[in-house]
$ cat run.pdb   # PDB, N, CA and C atoms
ATOM      1  N   MET A  21      21.868  11.573  22.032  1.00  0.00           N
ATOM      2  CA  MET A  21      21.243  10.919  20.900  1.00  0.00           C
ATOM      3  C   MET A  21      19.735  11.194  20.953  1.00  0.00           C
ATOM      4  N   TYR A  22      19.182  11.580  19.831  1.00  0.00           N
ATOM      5  CA  TYR A  22      17.771  11.925  19.731  1.00  0.00           C
ATOM      6  C   TYR A  22      17.005  10.725  19.196  1.00  0.00           C
ATOM      7  N   ILE A  23      16.094  10.177  19.994  1.00  0.00           N
ATOM      8  CA  ILE A  23      15.320   9.006  19.597  1.00  0.00           C
ATOM      9  C   ILE A  23      13.838   9.319  19.757  1.00  0.00           C
ATOM     10  N   THR A  24      13.057   8.973  18.742  1.00  0.00           N
ATOM     11  CA  THR A  24      11.609   9.151  18.799  1.00  0.00           C
ATOM     12  C   THR A  24      10.944   7.809  18.537  1.00  0.00           C
ATOM     13  N   LYS A  25       9.633   7.777  18.579  1.00  0.00           N
ATOM     14  CA  LYS A  25       8.885   6.566  18.263  1.00  0.00           C
ATOM     15  C   LYS A  25       8.094   6.784  16.981  1.00  0.00           C
ATOM     16  N   CYS A  26       8.035   5.745  16.178  1.00  0.00           N
ATOM     17  CA  CYS A  26       7.257   5.774  14.939  1.00  0.00           C
ATOM     18  C   CYS A  26       5.779   5.828  15.302  1.00  0.00           C
ATOM     19  N   ASP A  27       5.028   6.718  14.650  1.00  0.00           N
ATOM     20  CA  ASP A  27       3.604   6.851  14.935  1.00  0.00           C
ATOM     21  C   ASP A  27       2.773   5.733  14.312  1.00  0.00           C
ATOM     22  N   ILE A  28       3.372   4.900  13.468  1.00  0.00           N
ATOM     23  CA  ILE A  28       2.635   3.801  12.853  1.00  0.00           C
ATOM     24  C   ILE A  28       2.908   2.477  13.577  1.00  0.00           C
ATOM     25  N   CYS A  29       4.194   2.114  13.719  1.00  0.00           N
ATOM     26  CA  CYS A  29       4.530   0.822  14.334  1.00  0.00           C
ATOM     27  C   CYS A  29       4.977   0.949  15.787  1.00  0.00           C
ATOM     28  N   PHE A  30       5.150   2.168  16.284  1.00  0.00           N
ATOM     29  CA  PHE A  30       5.507   2.466  17.670  1.00  0.00           C
ATOM     30  C   PHE A  30       6.863   1.925  18.107  1.00  0.00           C
ATOM     31  N   LYS A  31       7.762   1.679  17.162  1.00  0.00           N
ATOM     32  CA  LYS A  31       9.128   1.274  17.496  1.00  0.00           C
ATOM     33  C   LYS A  31       9.992   2.512  17.664  1.00  0.00           C
ATOM     34  N   GLU A  32      11.031   2.410  18.485  1.00  0.00           N
ATOM     35  CA  GLU A  32      11.950   3.529  18.655  1.00  0.00           C
ATOM     36  C   GLU A  32      12.777   3.713  17.391  1.00  0.00           C
ATOM     37  N   VAL A  33      12.917   4.972  16.969  1.00  0.00           N
ATOM     38  CA  VAL A  33      13.613   5.297  15.732  1.00  0.00           C
ATOM     39  C   VAL A  33      14.640   6.376  16.027  1.00  0.00           C
ATOM     40  N   GLU A  34      15.875   6.177  15.539  1.00  0.00           N
ATOM     41  CA  GLU A  34      16.896   7.198  15.681  1.00  0.00           C
ATOM     42  C   GLU A  34      16.618   8.343  14.718  1.00  0.00           C
ATOM     43  N   TYR A  35      17.162   9.499  15.018  1.00  0.00           N
ATOM     44  CA  TYR A  35      16.888  10.716  14.248  1.00  0.00           C
ATOM     45  C   TYR A  35      17.239  10.571  12.770  1.00  0.00           C
ATOM     46  N   ASP A  36      18.335   9.877  12.457  1.00  0.00           N
ATOM     47  CA  ASP A  36      18.753   9.766  11.054  1.00  0.00           C
ATOM     48  C   ASP A  36      17.966   8.708  10.277  1.00  0.00           C
ATOM     49  N   ASN A  37      17.090   7.949  10.947  1.00  0.00           N
ATOM     50  CA  ASN A  37      16.285   6.931  10.280  1.00  0.00           C
ATOM     51  C   ASN A  37      14.796   7.231  10.354  1.00  0.00           C
ATOM     52  N   GLU A  38      14.431   8.498  10.438  1.00  0.00           N
ATOM     53  CA  GLU A  38      13.019   8.851  10.518  1.00  0.00           C
ATOM     54  C   GLU A  38      12.658   9.888   9.466  1.00  0.00           C
ATOM     55  N   ILE A  39      11.387   9.956   9.175  1.00  0.00           N
ATOM     56  CA  ILE A  39      10.851  10.988   8.294  1.00  0.00           C
ATOM     57  C   ILE A  39       9.784  11.723   9.098  1.00  0.00           C
ATOM     58  N   SER A  40       9.901  13.044   9.149  1.00  0.00           N
ATOM     59  CA  SER A  40       8.928  13.864   9.862  1.00  0.00           C
ATOM     60  C   SER A  40       7.945  14.436   8.856  1.00  0.00           C
ATOM     61  N   ILE A  41       6.661  14.275   9.147  1.00  0.00           N
ATOM     62  CA  ILE A  41       5.613  14.728   8.254  1.00  0.00           C
ATOM     63  C   ILE A  41       4.775  15.772   8.979  1.00  0.00           C
ATOM     64  N   GLY A  42       4.648  16.927   8.361  1.00  0.00           N
ATOM     65  CA  GLY A  42       3.836  17.991   8.939  1.00  0.00           C
ATOM     66  C   GLY A  42       3.304  18.870   7.831  1.00  0.00           C
ATOM     67  N   TYR A  43       2.297  19.664   8.129  1.00  0.00           N
ATOM     68  CA  TYR A  43       1.686  20.524   7.123  1.00  0.00           C
ATOM     69  C   TYR A  43       1.644  21.949   7.646  1.00  0.00           C
ATOM     70  N   LEU A  44       2.389  22.832   7.001  1.00  0.00           N
ATOM     71  CA  LEU A  44       2.438  24.251   7.337  1.00  0.00           C
ATOM     72  C   LEU A  44       2.751  24.512   8.807  1.00  0.00           C
ATOM     73  N   SER A  45       3.701  23.787   9.321  1.00  0.00           N
ATOM     74  CA  SER A  45       4.084  23.965  10.710  1.00  0.00           C
ATOM     75  C   SER A  45       5.566  23.653  10.861  1.00  0.00           C
ATOM     76  N   PRO A  46       6.293  24.454  11.628  1.00  0.00           N
ATOM     77  CA  PRO A  46       7.713  24.150  11.837  1.00  0.00           C
ATOM     78  C   PRO A  46       7.917  22.930  12.735  1.00  0.00           C
ATOM     79  N   VAL A  47       6.890  22.568  13.488  1.00  0.00           N
ATOM     80  CA  VAL A  47       6.973  21.403  14.369  1.00  0.00           C
ATOM     81  C   VAL A  47       6.356  20.209  13.650  1.00  0.00           C
ATOM     82  N   PRO A  48       7.093  19.085  13.536  1.00  0.00           N
ATOM     83  CA  PRO A  48       6.532  17.938  12.821  1.00  0.00           C
ATOM     84  C   PRO A  48       5.310  17.354  13.534  1.00  0.00           C
ATOM     85  N   HIS A  49       4.319  16.989  12.754  1.00  0.00           N
ATOM     86  CA  HIS A  49       3.117  16.392  13.311  1.00  0.00           C
ATOM     87  C   HIS A  49       3.302  14.900  13.554  1.00  0.00           C
ATOM     88  N   TYR A  50       3.959  14.223  12.628  1.00  0.00           N
ATOM     89  CA  TYR A  50       4.150  12.783  12.717  1.00  0.00           C
ATOM     90  C   TYR A  50       5.608  12.446  12.453  1.00  0.00           C
ATOM     91  N   SER A  51       6.096  11.416  13.093  1.00  0.00           N
ATOM     92  CA  SER A  51       7.427  10.874  12.826  1.00  0.00           C
ATOM     93  C   SER A  51       7.242   9.399  12.502  1.00  0.00           C
ATOM     94  N   ILE A  52       7.747   8.979  11.346  1.00  0.00           N
ATOM     95  CA  ILE A  52       7.631   7.579  10.965  1.00  0.00           C
ATOM     96  C   ILE A  52       8.995   7.049  10.561  1.00  0.00           C
ATOM     97  N   CYS A  53       9.193   5.747  10.755  1.00  0.00           N
ATOM     98  CA  CYS A  53      10.459   5.124  10.404  1.00  0.00           C
ATOM     99  C   CYS A  53      10.523   4.914   8.891  1.00  0.00           C
ATOM    100  N   LEU A  54      11.716   4.649   8.393  1.00  0.00           N
ATOM    101  CA  LEU A  54      11.890   4.474   6.953  1.00  0.00           C
ATOM    102  C   LEU A  54      11.147   3.256   6.426  1.00  0.00           C
ATOM    103  N   LYS A  55      11.005   2.217   7.257  1.00  0.00           N
ATOM    104  CA  LYS A  55      10.283   1.021   6.829  1.00  0.00           C
ATOM    105  C   LYS A  55       8.807   1.335   6.589  1.00  0.00           C
ATOM    106  N   CYS A  56       8.194   2.087   7.489  1.00  0.00           N
ATOM    107  CA  CYS A  56       6.782   2.455   7.337  1.00  0.00           C
ATOM    108  C   CYS A  56       6.592   3.518   6.255  1.00  0.00           C
ATOM    109  N   ALA A  57       7.616   4.313   6.006  1.00  0.00           N
ATOM    110  CA  ALA A  57       7.523   5.393   5.023  1.00  0.00           C
ATOM    111  C   ALA A  57       7.784   4.930   3.596  1.00  0.00           C
ATOM    112  N   LYS A  58       8.234   3.705   3.415  1.00  0.00           N
ATOM    113  CA  LYS A  58       8.610   3.222   2.089  1.00  0.00           C
ATOM    114  C   LYS A  58       7.486   3.367   1.059  1.00  0.00           C
ATOM    115  N   PRO A  59       6.223   2.983   1.342  1.00  0.00           N
ATOM    116  CA  PRO A  59       5.164   3.161   0.335  1.00  0.00           C
ATOM    117  C   PRO A  59       4.915   4.628  -0.005  1.00  0.00           C
ATOM    118  N   ILE A  60       5.039   5.502   0.966  1.00  0.00           N
ATOM    119  CA  ILE A  60       4.832   6.928   0.733  1.00  0.00           C
ATOM    120  C   ILE A  60       5.930   7.470  -0.173  1.00  0.00           C
ATOM    121  N   VAL A  61       7.167   7.105   0.109  1.00  0.00           N
ATOM    122  CA  VAL A  61       8.303   7.564  -0.686  1.00  0.00           C
ATOM    123  C   VAL A  61       8.200   7.039  -2.117  1.00  0.00           C
ATOM    124  N   GLN A  62       7.809   5.782  -2.277  1.00  0.00           N
ATOM    125  CA  GLN A  62       7.653   5.211  -3.619  1.00  0.00           C
ATOM    126  C   GLN A  62       6.577   5.947  -4.410  1.00  0.00           C
ATOM    127  N   PHE A  63       5.472   6.287  -3.779  1.00  0.00           N
ATOM    128  CA  PHE A  63       4.399   7.024  -4.447  1.00  0.00           C
ATOM    129  C   PHE A  63       4.879   8.400  -4.896  1.00  0.00           C
ATOM    130  N   LEU A  64       5.579   9.107  -4.010  1.00  0.00           N
ATOM    131  CA  LEU A  64       6.064  10.444  -4.346  1.00  0.00           C
ATOM    132  C   LEU A  64       7.102  10.401  -5.466  1.00  0.00           C
ATOM    133  N   GLN A  65       7.971   9.386  -5.472  1.00  0.00           N
ATOM    134  CA  GLN A  65       8.958   9.233  -6.544  1.00  0.00           C
ATOM    135  C   GLN A  65       8.270   8.896  -7.862  1.00  0.00           C
ATOM    136  N   LYS A  66       7.268   8.039  -7.824  1.00  0.00           N
ATOM    137  CA  LYS A  66       6.557   7.628  -9.031  1.00  0.00           C
ATOM    138  C   LYS A  66       5.907   8.830  -9.729  1.00  0.00           C
ATOM    139  N   HIS A  67       5.391   9.763  -8.950  1.00  0.00           N
ATOM    140  CA  HIS A  67       4.701  10.915  -9.507  1.00  0.00           C
ATOM    141  C   HIS A  67       5.616  12.138  -9.655  1.00  0.00           C
ATOM    142  N   GLY A  68       6.910  11.941  -9.432  1.00  0.00           N
ATOM    143  CA  GLY A  68       7.881  13.005  -9.672  1.00  0.00           C
ATOM    144  C   GLY A  68       7.858  14.135  -8.662  1.00  0.00           C
ATOM    145  N   LEU A  69       7.352  13.870  -7.472  1.00  0.00           N
ATOM    146  CA  LEU A  69       7.256  14.908  -6.458  1.00  0.00           C
ATOM    147  C   LEU A  69       8.530  15.021  -5.606  1.00  0.00           C
ATOM    148  N   ILE A  70       9.320  13.953  -5.573  1.00  0.00           N
ATOM    149  CA  ILE A  70      10.625  13.998  -4.914  1.00  0.00           C
ATOM    150  C   ILE A  70      11.627  13.265  -5.788  1.00  0.00           C
ATOM    151  N   GLU A  71      12.904  13.560  -5.584  1.00  0.00           N
ATOM    152  CA  GLU A  71      13.959  12.891  -6.327  1.00  0.00           C
ATOM    153  C   GLU A  71      14.582  11.816  -5.466  1.00  0.00           C
ATOM    154  N   LYS A  72      15.086  10.803  -6.106  1.00  0.00           N
ATOM    155  CA  LYS A  72      15.741   9.709  -5.398  1.00  0.00           C
ATOM    156  C   LYS A  72      17.121  10.165  -4.956  1.00  0.00           C
ATOM    157  N   ASP A  73      17.467   9.872  -3.694  1.00  0.00           N
ATOM    158  CA  ASP A  73      18.777  10.252  -3.148  1.00  0.00           C
ATOM    159  C   ASP A  73      19.835   9.264  -3.571  1.00  0.00           C
TER
END
$ encode --input "run.pdb" --output "structure tokens"
Amino acid sequence: MYITKCDICFKEVEYDNEISIGYLSPVPHYSICLKCAKPIVQFLQKHGLIEKD
């Protein structure tokens, strides 16, 4: 099982409950949990940059 820590709240997060954020790199720079990522996801959906799953 692959477990990382959220870079915002520092809680352990399982692989299927995390979002990896990076810029022009195959290696993710940041890993955040879905709870901390909620405002980011809402902003991107509001501006049509991602689709709702």
$ select_by_dssp --input "run.pdb" --residues "chain A" --states "strand (DSSP E or B)" --output "short mmCIF file (atom, residue, chain, number, x, y, z; two decimals) with N, CA and C atoms, in the frame of the given file"
data_model
loop_
_atom_site.label_atom_id
_atom_site.label_comp_id
_atom_site.auth_asym_id
_atom_site.auth_seq_id
_atom_site.Cartn_x
_atom_site.Cartn_y
_atom_site.Cartn_z
N ILE A 23 16.09 10.18 19.99
CA ILE A 23 15.32 9.01 19.60
C ILE A 23 13.84 9.32 19.76
N THR A 24 13.06 8.97 18.74
CA THR A 24 11.61 9.15 18.80
C THR A 24 10.94 7.81 18.54
N LYS A 25 9.63 7.78 18.58
CA LYS A 25 8.88 6.57 18.26
C LYS A 25 8.09 6.78 16.98
N GLU A 32 11.03 2.41 18.48
CA GLU A 32 11.95 3.53 18.66
C GLU A 32 12.78 3.71 17.39
N VAL A 33 12.92 4.97 16.97
CA VAL A 33 13.61 5.30 15.73
C VAL A 33 14.64 6.38 16.03
N GLU A 34 15.88 6.18 15.54
CA GLU A 34 16.90 7.20 15.68
C GLU A 34 16.62 8.34 14.72
N GLU A 38 14.43 8.50 10.44
CA GLU A 38 13.02 8.85 10.52
C GLU A 38 12.66 9.89 9.47
N ILE A 39 11.39 9.96 9.18
CA ILE A 39 10.85 10.99 8.29
C ILE A 39 9.78 11.72 9.10
N SER A 40 9.90 13.04 9.15
CA SER A 40 8.93 13.86 9.86
C SER A 40 7.94 14.44 8.86
N ILE A 41 6.66 14.28 9.15
CA ILE A 41 5.61 14.73 8.25
C ILE A 41 4.78 15.77 8.98
N TYR A 50 3.96 14.22 12.63
CA TYR A 50 4.15 12.78 12.72
C TYR A 50 5.61 12.45 12.45
N SER A 51 6.10 11.42 13.09
CA SER A 51 7.43 10.87 12.83
C SER A 51 7.24 9.40 12.50
N ILE A 52 7.75 8.98 11.35
CA ILE A 52 7.63 7.58 10.96
C ILE A 52 8.99 7.05 10.56
N CYS A 53 9.19 5.75 10.76
CA CYS A 53 10.46 5.12 10.40
C CYS A 53 10.52 4.91 8.89
#
$ closest_residue --input "run.pdb" --among "A:Leu44, A:Leu69, A:Ser51, A:Glu38" --to "Lys25 in chain A" --atoms "all atoms listed in the file"
A:Ser51
$ closest_residue --input "run.pdb" --among "A:Ile41, A:Ile70, A:Cys29, A:Ile23" --to "Lys55 in chain A" --atoms "only C-alpha atoms"
A:Cys29
$ select_by_dssp --input "run.pdb" --residues "range 28-60 of chain A" --states "helix (DSSP H, G or I)" --output "ChimeraX atom specification"
/A:35-37,54-60
$ atom_distance --input "run.pdb" --atom1 "atom N of Asp36 in chain A" --atom2 "atom N of Gln62 in chain A"
18.6 Å
$ resolve_selection --input "run.pdb" --expression "the PyMOL selection byres ((chain A and resi 52) around 6)" --output "list in words"
Cys26, Asp27, Ile28, Asn37, Glu38, Ile39, Ser40, Ile41, Tyr50, Ser51, Cys53, Leu54, Cys56 and Ala57 of chain A
$ atom_distance --input "run.pdb" --atom1 "atom N of His67 in chain A" --atom2 "atom C of Tyr35 in chain A"
24.8 Å
